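Contents: one structure, followed by commentary.
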Amino acid sequence: MRKTELQINLSSLENNLKVIKSRTSAEIQAVIKANAYGLDINEVSEVIEDYIESFAVITIDEALDLRKKTKKPILILQGVHEIEDYQKVKDFGLDFVVHSDWQLENMPETNFSNNRAWLKINTGMNRLGFHPDEFFERYQKLTDMKFKDLIVMSHLASSSEKSDQKNIEQIKLFTDLTKNINNKKSLANSGAIFNFNESHFDIVRPGIAIYGGKYLEHGIKPVTCLRSKITMLKKIKAGDSVGYDGVWVANSDCIIAGIPIGYGDGYPYFSESREVRINGKKFKTAGKINMDLITINLEQDSSIKIGDWVELWGFDTDLTSFSKEYDSISYQLLTNISGRVNKNYLE
Ligand SMILES: *Cc1c(COP(=O)(O)O)cnc(C)c1O
């Protein structure tokens, strides 16, 4: 079998839920969109279910699959965008966001007494949600519709930046707008859980912190290790080039190793040398990443053998700083890993 794997440490996943729980008294809604940020929605939902009150996904299909496995509430984070999906959310008792007039106008006049609606306010991100001036009118409309519950929500644009004044403005606007209503309220994603206690309200919605992609300074642990086994070693001479377009040229005689992982596995594209680790030692890649292969300059190190593991990132890697090397973010590194990479779960 092809030895390229994403290892997922389930006890670190649980650690992260415990850390989040220790930081808030709000209910926890685990955001498991995009296949649980690439870690597999089925595996992850099972492990974390006991720590949380509800789940959030993006697509109806994700929600319907998950519905077979859990009785906990499942929120469709951007709501319904096809009229026929309202019937599905009703039949399966899904929670859904209402962020636009299209969604309101196309909502059937049916009994939604098994569904919670989440009314989204645009507090400054200017992406989804109703303008503050529109809020009360839409709120009244939804209140009249007799949902099982009506929750009001918004989303922060820069919660990972503690010093960004925009957070204070958004939290204040949300607080002011909702201060006289008794509904449950939800504003905080991972960053806001750690950076803004006053944003927690009744339900917090962590994503990336669960998966260890950020906030290690708060006790969050990395959850993943991406690694691949050496399948090829070859000696080359000073002056020889390696790989496409000959962009990398050996400046002395060296050994080149190959590992079966490439951008076809969702690893980010690169053409300049990047650092990898083999048996605890650091090495540089040689040449452009291929679709199915990465080549590494071992220099003169003959201790490294076919079958040795190469770590692209490890359980001690801070994915947020690592991702900057690729002009990316930890969210993208995790969600891009393709189905071709085996996922192995460690207890
Ligand atoms: C993705 C998402 C979250 C989770 O964000 P993280 O930064 O991963 O914690 C929370 N709320 C909404 C509306 C989202 O779309």
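Identifiers in the structure tokens: chain A, B, ... in order shown; residue index from 1 per chain; ligand index from 1 in order shown.
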Residues of chain A at most 9 Å from ligand 1: nearest atom pair and distance in Å, only C-alpha atoms and all ligand atoms, as a Markdown table:
| residue | atom | partner | partner_atom_place_in_ligand_line | distance |
| --- | --- | --- | --- | --- |
| A:Gln29 | CA | ligand 1 | 10 (C) | 8.8 |
| A:Ala30 | CA | ligand 1 | 4 (C) | 8.1 |
| A:Val31 | CA | ligand 1 | 4 (C) | 5.6 |
| A:Ile32 | CA | ligand 1 | 1 (C) | 8.3 |
| A:Lys33 | CA | ligand 1 | 1 (C) | 7.1 |
| A:Tyr37 | CA | ligand 1 | 8 (O) | 8.4 |
| A:Ala56 | CA | ligand 1 | 2 (C) | 8.3 |
| A:Val57 | CA | ligand 1 | 1 (C) | 8.5 |
| A:Ile58 | CA | ligand 1 | 15 (O) | 8.1 |
| A:Leu77 | CA | ligand 1 | 13 (C) | 5.9 |
| A:Gln78 | CA | ligand 1 | 13 (C) | 7.5 |
| A:Met153 | CA | ligand 1 | 13 (C) | 8.5 |
| A:Ser154 | CA | ligand 1 | 13 (C) | 7.3 |
| A:His155 | CA | ligand 1 | 13 (C) | 5.7 |
| A:Leu156 | CA | ligand 1 | 11 (N) | 8.4 |
| A:Ser159 | CA | ligand 1 | 7 (O) | 8.0 |
| A:Ser160 | CA | ligand 1 | 7 (O) | 7.9 |
| A:Ser186 | CA | ligand 1 | 11 (N) | 9.0 |
| A:Leu187 | CA | ligand 1 | 11 (N) | 7.6 |
| A:Ala188 | CA | ligand 1 | 10 (C) | 6.9 |
| A:Asn189 | CA | ligand 1 | 9 (O) | 4.1 |
| A:Ser190 | CA | ligand 1 | 9 (O) | 3.6 |
| A:Gly191 | CA | ligand 1 | 7 (O) | 6.1 |
| A:Ala192 | CA | ligand 1 | 9 (O) | 8.1 |
| A:Ile193 | CA | ligand 1 | 9 (O) | 8.5 |
| A:Val204 | CA | ligand 1 | 10 (C) | 8.0 |
| A:Arg205 | CA | ligand 1 | 10 (C) | 4.8 |
| A:Pro206 | CA | ligand 1 | 9 (O) | 4.0 |
| A:Gly207 | CA | ligand 1 | 8 (O) | 3.4 |
| A:Ile208 | CA | ligand 1 | 8 (O) | 3.8 |
| A:Ala209 | CA | ligand 1 | 9 (O) | 6.1 |
| A:Ile210 | CA | ligand 1 | 9 (O) | 8.0 |
| A:Tyr211 | CA | ligand 1 | 8 (O) | 8.7 |
| A:Gly213 | CA | ligand 1 | 8 (O) | 8.7 |
| A:Lys214 | CA | ligand 1 | 7 (O) | 8.8 |
| A:Tyr331 | CA | ligand 1 | 8 (O) | 7.4 |
Generate a file of the selected residues that holds N, CA, C and O atoms, formatted as a short mmCIF file (atom, residue, chain, number, x, y, z; two decimals), in the first residue's frame.
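This went into selection-v3.cif:
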data_model
loop_
_atom_site.label_atom_id
_atom_site.label_comp_id
_atom_site.auth_asym_id
_atom_site.auth_seq_id
_atom_site.Cartn_x
_atom_site.Cartn_y
_atom_site.Cartn_z
N GLN A 29 -20.88 24.43 20.00
CA GLN A 29 -21.30 23.89 18.71
C GLN A 29 -20.03 23.60 17.92
O GLN A 29 -19.31 24.52 17.53
N ALA A 30 -19.75 22.32 17.69
CA ALA A 30 -18.52 21.96 16.97
C ALA A 30 -18.74 22.17 15.47
O ALA A 30 -19.65 21.61 14.88
N VAL A 31 -17.90 23.00 14.87
CA VAL A 31 -17.99 23.23 13.43
C VAL A 31 -17.19 22.12 12.74
O VAL A 31 -15.98 22.01 12.93
N ILE A 32 -17.90 21.27 12.00
CA ILE A 32 -17.26 20.12 11.36
C ILE A 32 -17.48 20.17 9.84
O ILE A 32 -17.56 19.13 9.19
N LYS A 33 -17.56 21.39 9.32
CA LYS A 33 -17.70 21.57 7.87
C LYS A 33 -16.45 21.06 7.14
O LYS A 33 -15.41 20.83 7.79
N TYR A 37 -12.80 19.72 8.73
CA TYR A 37 -11.54 20.38 8.35
C TYR A 37 -10.53 19.36 7.81
O TYR A 37 -9.32 19.43 8.08
N ALA A 56 -22.14 21.87 13.45
CA ALA A 56 -22.42 22.77 12.32
C ALA A 56 -21.70 22.28 11.07
O ALA A 56 -20.52 21.90 11.14
N VAL A 57 -22.44 22.27 9.96
CA VAL A 57 -21.87 21.88 8.66
C VAL A 57 -22.30 22.91 7.62
O VAL A 57 -23.03 23.85 7.93
N ILE A 58 -21.86 22.71 6.38
CA ILE A 58 -22.27 23.62 5.31
C ILE A 58 -23.35 22.99 4.43
O ILE A 58 -24.37 23.60 4.16
N LEU A 77 -24.83 25.96 8.17
CA LEU A 77 -24.23 27.25 8.52
C LEU A 77 -24.55 28.41 7.58
O LEU A 77 -24.45 29.56 7.96
N GLN A 78 -24.82 28.11 6.32
CA GLN A 78 -25.19 29.21 5.42
C GLN A 78 -26.65 29.09 4.98
O GLN A 78 -27.09 29.77 4.06
N MET A 153 -27.49 35.27 15.61
CA MET A 153 -26.05 35.04 15.47
C MET A 153 -25.39 36.09 14.61
O MET A 153 -26.05 36.83 13.88
N SER A 154 -24.08 36.16 14.72
CA SER A 154 -23.28 36.94 13.79
C SER A 154 -21.89 36.30 13.77
O SER A 154 -21.66 35.27 14.42
N HIS A 155 -20.99 36.87 13.00
CA HIS A 155 -19.65 36.28 12.85
C HIS A 155 -18.62 37.41 12.84
O HIS A 155 -18.86 38.46 12.26
N LEU A 156 -17.49 37.17 13.51
CA LEU A 156 -16.46 38.20 13.61
C LEU A 156 -15.46 38.07 12.46
O LEU A 156 -15.06 36.97 12.09
N SER A 159 -11.30 37.77 14.46
CA SER A 159 -11.22 37.33 15.87
C SER A 159 -9.85 36.80 16.26
O SER A 159 -9.52 36.75 17.44
N SER A 160 -9.02 36.43 15.27
CA SER A 160 -7.69 35.93 15.64
C SER A 160 -6.74 37.08 15.99
O SER A 160 -5.66 36.85 16.53
N SER A 186 -25.35 33.77 19.59
CA SER A 186 -24.09 33.10 19.23
C SER A 186 -23.24 34.00 18.35
O SER A 186 -23.71 34.51 17.33
N LEU A 187 -21.99 34.19 18.76
CA LEU A 187 -21.11 35.06 17.99
C LEU A 187 -19.70 34.49 17.81
O LEU A 187 -19.07 34.69 16.77
N ALA A 188 -19.22 33.73 18.80
CA ALA A 188 -17.78 33.43 18.85
C ALA A 188 -17.38 32.19 18.05
O ALA A 188 -17.96 31.12 18.21
N ASN A 189 -16.35 32.33 17.22
CA ASN A 189 -15.64 31.19 16.63
C ASN A 189 -14.41 30.93 17.51
O ASN A 189 -14.30 31.48 18.62
N SER A 190 -13.46 30.12 17.03
CA SER A 190 -12.31 29.76 17.89
C SER A 190 -11.59 30.98 18.43
O SER A 190 -11.33 31.10 19.63
N GLY A 191 -11.24 31.90 17.54
CA GLY A 191 -10.45 33.06 17.96
C GLY A 191 -11.15 33.86 19.03
O GLY A 191 -10.54 34.30 20.02
N ALA A 192 -12.45 34.03 18.87
CA ALA A 192 -13.22 34.83 19.83
C ALA A 192 -13.33 34.12 21.17
O ALA A 192 -13.39 34.76 22.22
N ILE A 193 -13.33 32.79 21.17
CA ILE A 193 -13.39 32.05 22.44
C ILE A 193 -12.18 32.42 23.29
O ILE A 193 -12.30 32.67 24.49
N VAL A 204 -21.01 28.95 21.57
CA VAL A 204 -19.79 29.27 20.83
C VAL A 204 -19.61 28.24 19.71
O VAL A 204 -20.11 27.11 19.81
N ARG A 205 -18.90 28.65 18.64
CA ARG A 205 -18.81 27.80 17.44
C ARG A 205 -17.35 27.57 17.04
O ARG A 205 -16.89 28.08 16.02
N PRO A 206 -16.62 26.78 17.81
CA PRO A 206 -15.22 26.55 17.46
C PRO A 206 -15.06 25.60 16.28
O PRO A 206 -15.82 24.65 16.13
N GLY A 207 -14.06 25.88 15.46
CA GLY A 207 -13.67 24.99 14.37
C GLY A 207 -12.19 24.68 14.49
O GLY A 207 -11.79 23.69 15.11
N ILE A 208 -11.36 25.56 13.99
CA ILE A 208 -9.93 25.29 13.84
C ILE A 208 -9.25 24.90 15.16
O ILE A 208 -8.31 24.09 15.16
N ALA A 209 -9.72 25.44 16.29
CA ALA A 209 -9.08 25.09 17.57
C ALA A 209 -9.27 23.61 17.88
O ALA A 209 -8.38 22.96 18.44
N ILE A 210 -10.41 23.05 17.51
CA ILE A 210 -10.65 21.62 17.74
C ILE A 210 -9.58 20.80 17.03
O ILE A 210 -9.05 19.82 17.57
N TYR A 211 -9.23 21.25 15.81
CA TYR A 211 -8.33 20.46 14.96
C TYR A 211 -6.86 20.83 15.14
O TYR A 211 -6.00 20.37 14.40
N GLY A 213 -5.21 23.61 14.67
CA GLY A 213 -4.56 24.42 13.64
C GLY A 213 -4.13 25.81 14.11
O GLY A 213 -3.48 26.54 13.36
N LYS A 214 -4.51 26.16 15.32
CA LYS A 214 -4.26 27.52 15.81
C LYS A 214 -4.44 27.56 17.32
O LYS A 214 -5.01 26.64 17.88
N TYR A 331 -6.04 26.35 8.04
CA TYR A 331 -7.34 25.84 7.58
C TYR A 331 -7.19 25.19 6.20
O TYR A 331 -7.75 24.14 5.92
#
Task: Residues near stretch 308-324 of chain A, cut-off 9 Å, only C-alpha atoms, skip fewer than 2 positions along chain, as a PyMOL selection string - done: chain A and resi 3+7-9+212-216+221-231+259+275-280+304-306+326-333
With N, CA and C atoms retained, could you export that selection as an mmCIF file, in the first residue's frame?
data_model
loop_
_atom_site.group_PDB
_atom_site.id
_atom_site.type_symbol
_atom_site.label_atom_id
_atom_site.label_comp_id
_atom_site.auth_asym_id
_atom_site.auth_seq_id
_atom_site.Cartn_x
_atom_site.Cartn_y
_atom_site.Cartn_z
ATOM 1 N N LYS A 3 2.478 4.399 1.092
ATOM 2 C CA LYS A 3 2.695 4.822 2.473
ATOM 3 C C LYS A 3 2.778 6.347 2.564
ATOM 4 N N GLN A 7 -1.702 11.232 9.984
ATOM 5 C CA GLN A 7 -2.013 10.646 11.281
ATOM 6 C C GLN A 7 -2.832 11.649 12.075
ATOM 7 N N ILE A 8 -3.805 11.129 12.778
ATOM 8 C CA ILE A 8 -4.684 12.004 13.552
ATOM 9 C C ILE A 8 -4.721 11.500 14.984
ATOM 10 N N ASN A 9 -4.288 12.343 15.889
ATOM 11 C CA ASN A 9 -4.164 11.953 17.284
ATOM 12 C C ASN A 9 -5.464 12.288 18.027
ATOM 13 N N GLY A 212 -6.581 21.685 16.122
ATOM 14 C CA GLY A 212 -5.201 21.997 16.481
ATOM 15 C C GLY A 212 -4.465 22.849 15.473
ATOM 16 N N GLY A 213 -5.206 23.609 14.666
ATOM 17 C CA GLY A 213 -4.555 24.423 13.640
ATOM 18 C C GLY A 213 -4.130 25.806 14.111
ATOM 19 N N LYS A 214 -4.505 26.161 15.324
ATOM 20 C CA LYS A 214 -4.265 27.519 15.809
ATOM 21 C C LYS A 214 -4.435 27.555 17.318
ATOM 22 N N TYR A 215 -3.932 28.626 17.948
ATOM 23 C CA TYR A 215 -4.156 28.865 19.381
ATOM 24 C C TYR A 215 -3.437 27.863 20.281
ATOM 25 N N LEU A 216 -2.260 27.416 19.845
ATOM 26 C CA LEU A 216 -1.459 26.508 20.677
ATOM 27 C C LEU A 216 -1.044 27.196 21.974
ATOM 28 N N LYS A 221 -3.528 21.558 21.265
ATOM 29 C CA LYS A 221 -2.437 20.717 20.751
ATOM 30 C C LYS A 221 -2.653 20.403 19.280
ATOM 31 N N PRO A 222 -1.553 20.370 18.508
ATOM 32 C CA PRO A 222 -1.690 19.932 17.116
ATOM 33 C C PRO A 222 -2.256 18.514 17.087
ATOM 34 N N VAL A 223 -3.057 18.224 16.087
ATOM 35 C CA VAL A 223 -3.745 16.939 16.039
ATOM 36 C C VAL A 223 -3.185 16.038 14.935
ATOM 37 N N THR A 224 -2.473 16.635 13.966
ATOM 38 C CA THR A 224 -2.113 15.860 12.776
ATOM 39 C C THR A 224 -0.609 15.801 12.523
ATOM 40 N N CYS A 225 -0.236 14.735 11.822
ATOM 41 C CA CYS A 225 1.127 14.591 11.304
ATOM 42 C C CYS A 225 0.975 14.086 9.866
ATOM 43 N N LEU A 226 1.606 14.772 8.944
ATOM 44 C CA LEU A 226 1.544 14.348 7.539
ATOM 45 C C LEU A 226 2.903 13.784 7.161
ATOM 46 N N ARG A 227 2.925 12.537 6.738
ATOM 47 C CA ARG A 227 4.222 11.910 6.453
ATOM 48 C C ARG A 227 4.126 10.916 5.312
ATOM 49 N N SER A 228 5.292 10.607 4.749
ATOM 50 C CA SER A 228 5.350 9.744 3.578
ATOM 51 C C SER A 228 6.674 8.996 3.609
ATOM 52 N N LYS A 229 6.658 7.748 3.138
ATOM 53 C CA LYS A 229 7.855 6.895 3.237
ATOM 54 C C LYS A 229 8.715 7.004 1.991
ATOM 55 N N ILE A 230 10.029 7.066 2.194
ATOM 56 C CA ILE A 230 10.952 7.153 1.053
ATOM 57 C C ILE A 230 10.828 5.897 0.182
ATOM 58 N N THR A 231 10.633 6.122 -1.118
ATOM 59 C CA THR A 231 10.515 4.997 -2.048
ATOM 60 C C THR A 231 11.662 4.987 -3.055
ATOM 61 N N ILE A 259 9.660 10.844 -2.210
ATOM 62 C CA ILE A 259 8.512 10.357 -1.421
ATOM 63 C C ILE A 259 7.231 10.507 -2.231
ATOM 64 N N GLU A 275 11.498 22.888 3.937
ATOM 65 C CA GLU A 275 12.088 22.007 4.930
ATOM 66 C C GLU A 275 11.202 20.795 5.215
ATOM 67 N N VAL A 276 11.833 19.619 5.344
ATOM 68 C CA VAL A 276 11.131 18.414 5.806
ATOM 69 C C VAL A 276 12.003 17.781 6.891
ATOM 70 N N ARG A 277 11.458 16.785 7.584
ATOM 71 C CA ARG A 277 12.229 16.127 8.635
ATOM 72 C C ARG A 277 12.278 14.626 8.419
ATOM 73 N N ILE A 278 13.487 14.053 8.570
ATOM 74 C CA ILE A 278 13.654 12.603 8.464
ATOM 75 C C ILE A 278 14.425 12.142 9.694
ATOM 76 N N ASN A 279 13.864 11.204 10.431
ATOM 77 C CA ASN A 279 14.506 10.702 11.662
ATOM 78 C C ASN A 279 14.975 11.857 12.552
ATOM 79 N N GLY A 280 14.150 12.868 12.658
ATOM 80 C CA GLY A 280 14.472 13.998 13.533
ATOM 81 C C GLY A 280 15.430 15.026 12.941
ATOM 82 N N ILE A 304 20.219 7.432 5.795
ATOM 83 C CA ILE A 304 18.782 7.414 5.480
ATOM 84 C C ILE A 304 18.484 6.368 4.421
ATOM 85 N N LYS A 305 17.459 5.549 4.693
ATOM 86 C CA LYS A 305 17.186 4.365 3.873
ATOM 87 C C LYS A 305 15.802 4.458 3.235
ATOM 88 N N ILE A 306 15.640 3.665 2.183
ATOM 89 C CA ILE A 306 14.303 3.479 1.632
ATOM 90 C C ILE A 306 13.403 2.937 2.738
ATOM 91 N N TYR A 326 4.003 28.767 2.853
ATOM 92 C CA TYR A 326 3.297 28.412 1.626
ATOM 93 C C TYR A 326 2.286 29.483 1.234
ATOM 94 N N ASP A 327 2.395 30.631 1.885
ATOM 95 C CA ASP A 327 1.432 31.703 1.652
ATOM 96 C C ASP A 327 0.004 31.175 1.822
ATOM 97 N N SER A 328 -0.171 30.372 2.850
ATOM 98 C CA SER A 328 -1.459 29.714 3.066
ATOM 99 C C SER A 328 -1.882 29.915 4.511
ATOM 100 N N ILE A 329 -2.888 29.184 4.947
ATOM 101 C CA ILE A 329 -3.337 29.217 6.341
ATOM 102 C C ILE A 329 -3.575 27.779 6.794
ATOM 103 N N SER A 330 -3.539 27.559 8.103
ATOM 104 C CA SER A 330 -3.683 26.186 8.602
ATOM 105 C C SER A 330 -4.987 25.560 8.125
ATOM 106 N N TYR A 331 -6.038 26.347 8.036
ATOM 107 C CA TYR A 331 -7.336 25.844 7.581
ATOM 108 C C TYR A 331 -7.191 25.187 6.200
ATOM 109 N N GLN A 332 -6.441 25.869 5.324
ATOM 110 C CA GLN A 332 -6.335 25.352 3.959
ATOM 111 C C GLN A 332 -5.450 24.111 3.910
ATOM 112 N N LEU A 333 -4.343 24.117 4.662
ATOM 113 C CA LEU A 333 -3.481 22.928 4.667
ATOM 114 C C LEU A 333 -4.290 21.690 5.044
#
Open item on the list: Show me, as a ChimeraX atom specification, the residues that have an atom within 6 Å of stretch 38-41 of chain A when counting only C-alpha atoms, minus same-chain residues fewer than 3 positions from it.
Closed with: /A:35,44-45,334-335
